[in-house]
>>> print(open('input16.txt').read())   # compact mmCIF, C-alpha atoms
# COMPACT_ATOMS: atom_id res chain seq x y z
CA THR A 1474 0.00 0.00 0.00
CA ARG A 1475 1.42 3.36 -0.97
CA THR A 1476 -0.32 6.73 -0.75
CA MET A 1477 -0.19 8.89 -3.87
CA HIS A 1478 -1.66 12.39 -4.19
CA PHE A 1479 -2.92 13.52 -7.59
CA GLY A 1480 -3.67 17.11 -6.67
CA GLU A 1481 -1.99 19.70 -4.50
CA PRO A 1482 -1.56 18.39 -0.94
CA THR A 1483 -2.45 20.69 1.93
CA PRO A 1484 0.19 21.64 4.49
CA ARG A 1485 -1.52 19.32 7.01
CA GLU A 1486 -1.48 16.39 4.55
CA ARG A 1487 2.21 17.04 3.87
CA GLU A 1488 3.03 17.23 7.58
CA CYS A 1489 1.18 14.00 8.34
CA PHE A 1490 2.72 12.21 5.34
CA THR A 1491 6.21 13.35 6.34
CA ARG A 1492 5.73 12.18 9.93
CA VAL A 1493 4.63 8.77 8.62
CA LEU A 1494 7.68 8.79 6.32
CA LYS A 1495 10.01 9.62 9.23
CA GLY A 1496 8.61 6.60 11.10
CA HIS A 1497 8.98 4.44 7.99
CA ILE A 1498 12.64 5.47 7.69
CA ALA A 1499 13.27 4.99 11.43
CA LEU A 1500 12.07 1.40 11.21
CA ALA A 1501 13.82 0.70 7.90
CA THR A 1502 17.15 1.84 9.38
CA ALA A 1503 16.76 0.21 12.81
CA VAL A 1504 19.59 -1.99 14.07
CA PHE A 1505 18.76 -4.36 16.92
CA PRO A 1506 20.19 -7.43 18.69
CA GLU A 1507 19.13 -10.92 17.71
CA GLY A 1508 16.26 -12.14 19.85
CA THR A 1509 14.36 -8.84 19.56
CA PRO A 1510 10.61 -9.28 19.08
CA GLY A 1511 8.69 -6.98 16.76
CA PHE A 1512 6.78 -5.16 19.50
CA VAL A 1513 10.08 -3.60 20.63
CA LEU A 1514 10.53 -1.97 17.21
CA ASP A 1515 6.96 -0.68 16.84
CA ALA A 1516 7.68 2.57 18.69
CA PHE A 1517 10.42 3.45 16.18
CA ALA A 1518 7.72 3.96 13.54
CA ARG A 1519 5.24 5.71 15.83
CA ARG A 1520 7.57 8.19 17.53
CA PRO A 1521 7.42 10.98 14.88
CA LEU A 1522 3.62 10.78 14.95
CA TRP A 1523 3.44 10.65 18.75
CA ALA A 1524 5.60 13.80 18.91
CA ALA A 1525 2.72 15.66 17.20
CA GLY A 1526 -0.07 13.91 19.13
CA LEU A 1527 -0.92 11.58 16.21
CA ASP A 1528 -1.05 7.78 15.92
CA TYR A 1529 -2.55 4.95 13.87
CA ARG A 1530 -4.84 2.09 14.85
CA HIS A 1531 -3.11 -0.77 13.05
CA GLY A 1532 0.06 -2.76 13.44
CA THR A 1533 3.22 -1.44 11.85
CA GLY A 1534 4.23 -4.63 10.09
CA HIS A 1535 3.31 -8.25 9.47
CA GLY A 1536 5.10 -11.30 8.22
CA VAL A 1537 4.92 -12.33 4.57
CA GLY A 1538 6.09 -15.80 3.90
CA ALA A 1539 6.29 -19.35 2.82
CA ALA A 1540 2.58 -20.19 2.46
CA LEU A 1541 2.01 -17.15 0.22
CA ALA A 1542 -0.28 -15.53 2.74
CA VAL A 1543 -0.33 -11.73 2.90
CA HIS A 1544 -0.39 -11.63 6.71
CA GLU A 1545 1.73 -14.56 7.78
CA GLY A 1546 3.35 -14.97 11.16
CA PRO A 1547 4.47 -15.88 13.53
CA HIS A 1548 6.39 -12.59 13.53
CA ARG A 1549 5.02 -9.07 13.25
CA ILE A 1550 5.78 -5.51 14.29
CA ALA A 1551 2.93 -4.20 16.42
CA HIS A 1552 2.33 -2.66 19.80
CA GLN A 1553 0.74 -5.81 21.24
CA PHE A 1554 3.19 -7.02 23.87
CA GLU A 1555 2.02 -10.63 23.71
CA ASN A 1556 3.85 -11.11 20.40
CA LYS A 1557 7.24 -12.24 21.63
CA VAL A 1558 8.46 -13.98 18.46
CA PRO A 1559 11.94 -12.64 17.68
CA LEU A 1560 12.83 -11.39 14.23
CA GLU A 1561 15.44 -13.56 12.54
CA ALA A 1562 17.64 -13.12 9.47
CA GLY A 1563 15.74 -14.11 6.33
CA MET A 1564 12.28 -13.23 7.65
CA ILE A 1565 10.20 -10.91 5.49
CA VAL A 1566 8.11 -8.26 7.21
CA SER A 1567 6.15 -5.22 6.08
CA ASN A 1568 7.00 -1.70 7.20
CA GLU A 1569 3.73 0.21 6.93
CA PRO A 1570 3.12 3.02 9.36
CA GLY A 1571 0.20 5.27 8.51
CA TYR A 1572 -2.16 7.97 9.64
CA TYR A 1573 -5.90 8.29 9.08
CA ALA A 1574 -7.79 11.51 9.73
CA ASP A 1575 -11.36 10.21 10.11
CA GLY A 1576 -13.53 11.44 7.24
CA GLU A 1577 -10.69 13.43 5.64
CA PHE A 1578 -7.71 11.47 4.30
CA GLY A 1579 -5.48 8.48 4.91
CA ILE A 1580 -1.78 7.81 4.54
CA ARG A 1581 0.15 4.57 4.38
CA ILE A 1582 3.74 4.03 3.25
CA GLU A 1583 4.45 0.31 2.89
CA ASN A 1584 7.56 -1.53 1.85
CA LEU A 1585 8.45 -5.16 2.35
CA LEU A 1586 11.74 -5.67 4.16
CA VAL A 1587 13.97 -8.68 4.67
CA VAL A 1588 15.73 -9.09 8.01
CA VAL A 1589 19.51 -9.18 7.48
CA GLU A 1590 22.60 -9.39 9.65
CA LYS A 1591 24.29 -6.03 10.20
CA ASN A 1592 28.01 -5.49 10.47
CA THR A 1593 28.29 -3.46 13.67
CA PRO A 1594 31.58 -2.23 15.15
CA HIS A 1595 30.78 -4.08 18.41
CA ARG A 1596 28.90 -7.23 19.38
CA PHE A 1597 27.81 -6.59 22.95
CA GLY A 1598 26.90 -9.84 24.67
CA ASP A 1599 28.47 -11.71 21.75
CA LYS A 1600 25.20 -11.21 19.85
CA THR A 1601 24.54 -10.79 16.18
CA TYR A 1602 22.87 -7.51 15.29
CA LEU A 1603 20.12 -7.34 12.70
CA GLY A 1604 18.47 -4.75 10.51
CA PHE A 1605 16.49 -4.56 7.29
CA ASP A 1606 17.01 -4.39 3.55
CA PRO A 1607 14.11 -3.16 1.38
CA LEU A 1608 12.54 -5.54 -1.10
CA THR A 1609 9.96 -3.04 -2.42
CA LEU A 1610 11.45 -0.63 -4.93
CA VAL A 1611 8.83 2.08 -5.58
CA PRO A 1612 9.57 5.81 -5.26
CA ILE A 1613 8.16 7.79 -2.35
CA GLN A 1614 6.04 10.61 -3.79
CA ARG A 1615 8.06 13.82 -3.43
CA ARG A 1616 5.19 16.31 -3.54
CA LEU A 1617 3.91 14.92 -0.23
CA ILE A 1618 7.23 15.47 1.60
CA ASP A 1619 7.79 18.51 3.81
CA LEU A 1620 11.58 18.75 3.63
CA GLU A 1621 11.67 21.05 6.66
CA LEU A 1622 10.62 18.10 8.84
CA LEU A 1623 13.38 15.77 7.61
CA ASP A 1624 16.90 15.71 9.01
CA SER A 1625 20.00 15.16 6.88
CA ALA A 1626 20.17 11.42 7.66
CA GLU A 1627 16.55 10.93 6.54
CA ILE A 1628 17.21 12.85 3.31
CA ALA A 1629 20.33 10.75 2.70
CA TYR A 1630 18.31 7.57 3.27
CA LEU A 1631 15.68 8.67 0.73
CA ASP A 1632 18.31 9.64 -1.84
CA THR A 1633 20.05 6.27 -1.42
CA TYR A 1634 16.74 4.38 -1.60
CA HIS A 1635 15.65 6.30 -4.72
CA GLY A 1636 19.07 5.70 -6.28
CA ARG A 1637 18.59 1.97 -5.78
CA VAL A 1638 15.06 2.13 -7.23
CA ARG A 1639 16.43 3.88 -10.31
CA LYS A 1640 19.39 1.52 -10.72
CA GLU A 1641 17.37 -1.70 -10.36
CA VAL A 1642 14.00 -0.81 -11.89
CA LEU A 1643 14.88 1.44 -14.85
CA PRO A 1644 16.64 -1.36 -16.83
CA LEU A 1645 13.46 -3.46 -16.49
CA MET A 1646 11.25 -0.80 -18.07
CA GLY A 1647 12.14 -1.42 -21.70
CA GLY A 1648 12.83 1.15 -24.37
CA ALA A 1649 10.91 3.85 -26.19
CA ALA A 1650 7.52 2.15 -25.76
CA ASN A 1651 7.73 2.90 -22.04
CA GLU A 1652 9.19 6.40 -22.36
CA ALA A 1653 6.48 8.03 -20.20
CA ALA A 1654 7.02 5.50 -17.43
CA ARG A 1655 10.78 5.83 -17.68
CA SER A 1656 10.52 9.63 -17.49
CA TRP A 1657 8.26 9.36 -14.46
CA LEU A 1658 10.72 7.04 -12.71
CA LEU A 1659 13.68 9.28 -13.47
CA ALA A 1660 11.88 12.37 -12.13
CA SER A 1661 10.62 10.48 -9.07
CA THR A 1662 14.08 9.27 -8.10
CA GLU A 1663 16.03 12.52 -8.44
CA PRO A 1664 17.96 13.46 -5.29
CA LEU A 1665 16.01 15.71 -2.95
CA PRO A 1666 17.11 19.35 -2.85
CA PRO A 1667 19.49 20.14 0.00
CA ARG A 1668 18.05 21.94 3.00
>>> encode(input="input16.txt", output="structure tokens")
Amino acid sequence: TRTMHFGEPTPRERECFTRVLKGHIALATAVFPEGTPGFVLDAFARRPLWAAGLDYRHGTGHGVGAALAVHEGPHRIAHQFENKVPLEAGMIVSNEPGYYADGEFGIRIENLLVVVEKNTPHRFGDKTYLGFDPLTLVPIQRRLIDLELLDSAEIAYLDTYHGRVRKEVLPLMGGAANEAARSWLLASTEPLPPR
């Protein structure tokens, strides 16, 4: 699920979208010790919304897996503390924070991620540290981003992510017959302007 806006977003829509995006990036870049269950990571995605008194009523992520089910456990990223299944390397999970203003608009930014081992400078407790690598390669819509709310690390993440989208997806889009789609992808993956 990915929110797209086909008009001119309001300042409130842009603020809410950018807060959801900040949470999406926070989860996508999280590094955590092996044995960590998903409920521990849920607050990473909610924090930028909570800072403005906002939240969402759904889980942040769910497993996607071997039986081809969309919501497949046993792992997930949600605020329910009873889910104590640790994330392990190779698991696939969604990263989909959102915000819904009842009767007005809704936002969701979803990518699928694979859990991977991270090369950290230390291994406290002799543990392996894990993080995520994105599997979904679709640009984040730029017109919905309020750059004033992003820090330099978040902008760098988006530029790196969009660079990967361009590098891996553009060659799959064919030649002149897909020129409009190729032009859209190129424009959508340009680096963000510096702040």
>>> closest_residue(input="input16.txt", among="A:Phe1490, A:Tyr1634, A:Trp1657, A:Phe1512", to="Leu1622 of chain A", atoms="only C-alpha atoms")
A:Phe1490
>>> atom_distance(input="input16.txt", atom1="atom CA of Asp1599 of chain A", atom2="atom CA of Pro1506 of chain A")
9.8 Å
>>> atom_distance(input="input16.txt", atom1="atom CA of His1548 of chain A", atom2="atom CA of Gly1536 of chain A")
5.6 Å
>>> residues_near_point(input="input16.txt", point="(17.0, -1.1, -9.0)", cutoff="7 Å", atoms="all atoms listed in the file", output="list in words")
Leu1610, Arg1637, Val1638, Arg1639, Lys1640, Glu1641, Val1642 and Leu1643 of chain A
>>> write_last_selection(input="input16.txt", atoms="C-alpha atoms", output="PDB file, keeping the file's coordinate frame")
ATOM      1  CA  LEU A1610      11.450  -0.630  -4.930  1.00  0.00           C
ATOM      2  CA  ARG A1637      18.590   1.970  -5.780  1.00  0.00           C
ATOM      3  CA  VAL A1638      15.060   2.130  -7.230  1.00  0.00           C
ATOM      4  CA  ARG A1639      16.430   3.880 -10.310  1.00  0.00           C
ATOM      5  CA  LYS A1640      19.390   1.520 -10.720  1.00  0.00           C
ATOM      6  CA  GLU A1641      17.370  -1.700 -10.360  1.00  0.00           C
ATOM      7  CA  VAL A1642      14.000  -0.810 -11.890  1.00  0.00           C
ATOM      8  CA  LEU A1643      14.880   1.440 -14.850  1.00  0.00           C
TER       9      LEU A1643
END
>>> residues_around(input="input16.txt", residues="Leu1522 of chain A", least_positions_apart="5", cutoff="12 Å", atoms="all atoms listed in the file", output="list in words")
Glu1488, Cys1489, Phe1490, Thr1491, Arg1492, Val1493, Leu1494, Lys1495, Gly1496, His1497, Ala1499, Ala1516, Phe1517, Leu1527, Asp1528, Tyr1529, Pro1570, Gly1571, Tyr1572, Tyr1573 and Leu1622 of chain A
>>> write_last_selection(input="input16.txt", atoms="C-alpha atoms", output="mmCIF file, keeping the file's coordinate frame")
data_model
loop_
_atom_site.group_PDB
_atom_site.id
_atom_site.type_symbol
_atom_site.label_atom_id
_atom_site.label_comp_id
_atom_site.auth_asym_id
_atom_site.auth_seq_id
_atom_site.Cartn_x
_atom_site.Cartn_y
_atom_site.Cartn_z
ATOM 1 C CA GLU A 1488 3.030 17.230 7.580
ATOM 2 C CA CYS A 1489 1.180 14.000 8.340
ATOM 3 C CA PHE A 1490 2.720 12.210 5.340
ATOM 4 C CA THR A 1491 6.210 13.350 6.340
ATOM 5 C CA ARG A 1492 5.730 12.180 9.930
ATOM 6 C CA VAL A 1493 4.630 8.770 8.620
ATOM 7 C CA LEU A 1494 7.680 8.790 6.320
ATOM 8 C CA LYS A 1495 10.010 9.620 9.230
ATOM 9 C CA GLY A 1496 8.610 6.600 11.100
ATOM 10 C CA HIS A 1497 8.980 4.440 7.990
ATOM 11 C CA ALA A 1499 13.270 4.990 11.430
ATOM 12 C CA ALA A 1516 7.680 2.570 18.690
ATOM 13 C CA PHE A 1517 10.420 3.450 16.180
ATOM 14 C CA LEU A 1527 -0.920 11.580 16.210
ATOM 15 C CA ASP A 1528 -1.050 7.780 15.920
ATOM 16 C CA TYR A 1529 -2.550 4.950 13.870
ATOM 17 C CA PRO A 1570 3.120 3.020 9.360
ATOM 18 C CA GLY A 1571 0.200 5.270 8.510
ATOM 19 C CA TYR A 1572 -2.160 7.970 9.640
ATOM 20 C CA TYR A 1573 -5.900 8.290 9.080
ATOM 21 C CA LEU A 1622 10.620 18.100 8.840
#
